[in-house]
Amino acid sequence: SPWAARALAVAGSTWFLAALVTLLTWFPRGHAIQPNLDASAITGLHLSAVMGLDAGREVIFTYGPLGFLAFRNAIFDSTALWSALYIVAVRYTLCASLLWVARRNFPVLIAVPLAVAGALVVYDEELTAIAFLWSAAALGPGAPLRSERLAVYGSALLAGLAILVKPSVGVNVLAITGITVLALPGPRGRHLLGFVGTYALTVLALLLAATQSPLAFPDYIVNSLQMASGYQTAFVIGEPSAGVLLLAGLMVSGALAWTVYASGSSPTSRPPSS
């Protein structure tokens, strides 16, 4: 019957299967309020959000004005609700992205287990993983036109959100997505303008929604990154040797160079615009 056919189509859709993958790979989050540094810092993130303190001037930390979203702690009703919605949305987006990329190359019976395995591995830094998946989908062979739009506009939204949750993650997401936009085939100037414009509007809108002063944004970036650098130096167990850092830098540079070269030299299968 038409109803049964429609139900089967919904059950086999990426959006529905992504919800199942999200449930299968869900793990509890949140930290109880305890007399230690980590729990106190998380409480401070929720408290500063409720009080509307300007990040970078009145509050300086390794997380941003939206950092409380990453911690689903029932300290205040309003922040706990937004945090829960954010964590569910980010986790679902990760699972949907994993499944979408997998289904482009494998049948659904293989793509779903691959998405489950990938989601189980990525238990932290989901925003960076999402940015990588969107970039890989846009630069891969036979990429559809919607992948290009997602890489330009969707990635700009993602990067704007990430920079206000945690600056160190935001810089990583911005680097991944920015290089992808430059490597996309087609009108590079239009892509770059769309990406930068969407990123700036996203940051501005989120700052205003969080009752933050846009004028404090430069102080927030500089002070938060300085604090993150000092935090990592103070708590590092063992400094990597110069050789390891050089090898890692060469590997990353080589991978990025290959991506740019491959995307520029390989033909694109995108249909011409009508």
# chains A, B, ... in the order shown; residues from 1 in each chain; ligands from 1
>>> closest_atom_pairs(of="range 125-190 of chain A", to="range 113-121 of chain A", cutoff="12 Å", atoms="only C-alpha atoms", output="CSV")
residue,atom,partner,partner_atom,distance
A:Glu125,CA,A:Val121,CA,10.7
A:Glu126,CA,A:Ala119,CA,9.1
A:Ala129,CA,A:Ala119,CA,9.7
A:Ile130,CA,A:Ala119,CA,10.8
A:Leu133,CA,A:Gly118,CA,11.1
>>> closest_residue(among="A:Asn223, A:Ser147, A:Asn73, A:Thr93", to="Pro185 in chain A", atoms="only C-alpha atoms")
A:Ser147
>>> closest_atom_pairs(of="range 17-74 of chain A", to="range 94-106 of chain A", cutoff="9 Å", atoms="only C-alpha atoms", output="tab-separated table")
residue	atom	partner	partner_atom	distance
A:Leu17	CA	A:Ala96	CA	8.0
A:Ala18	CA	A:Ala96	CA	4.7
A:Ala19	CA	A:Cys95	CA	7.7
A:Val21	CA	A:Cys95	CA	6.3
A:Thr22	CA	A:Cys95	CA	6.0
A:Thr25	CA	A:Cys95	CA	8.9
>>> residues_around(residues="Ala228 in chain A", least_positions_apart="6", cutoff="8 Å", atoms="only C-alpha atoms", output="list in words")
Phe61, Thr62 and Ser168 of chain A
>>> atom_distance(atom1="CA of Thr128 in chain A", atom2="CA of Arg91 in chain A")
12.1 Å
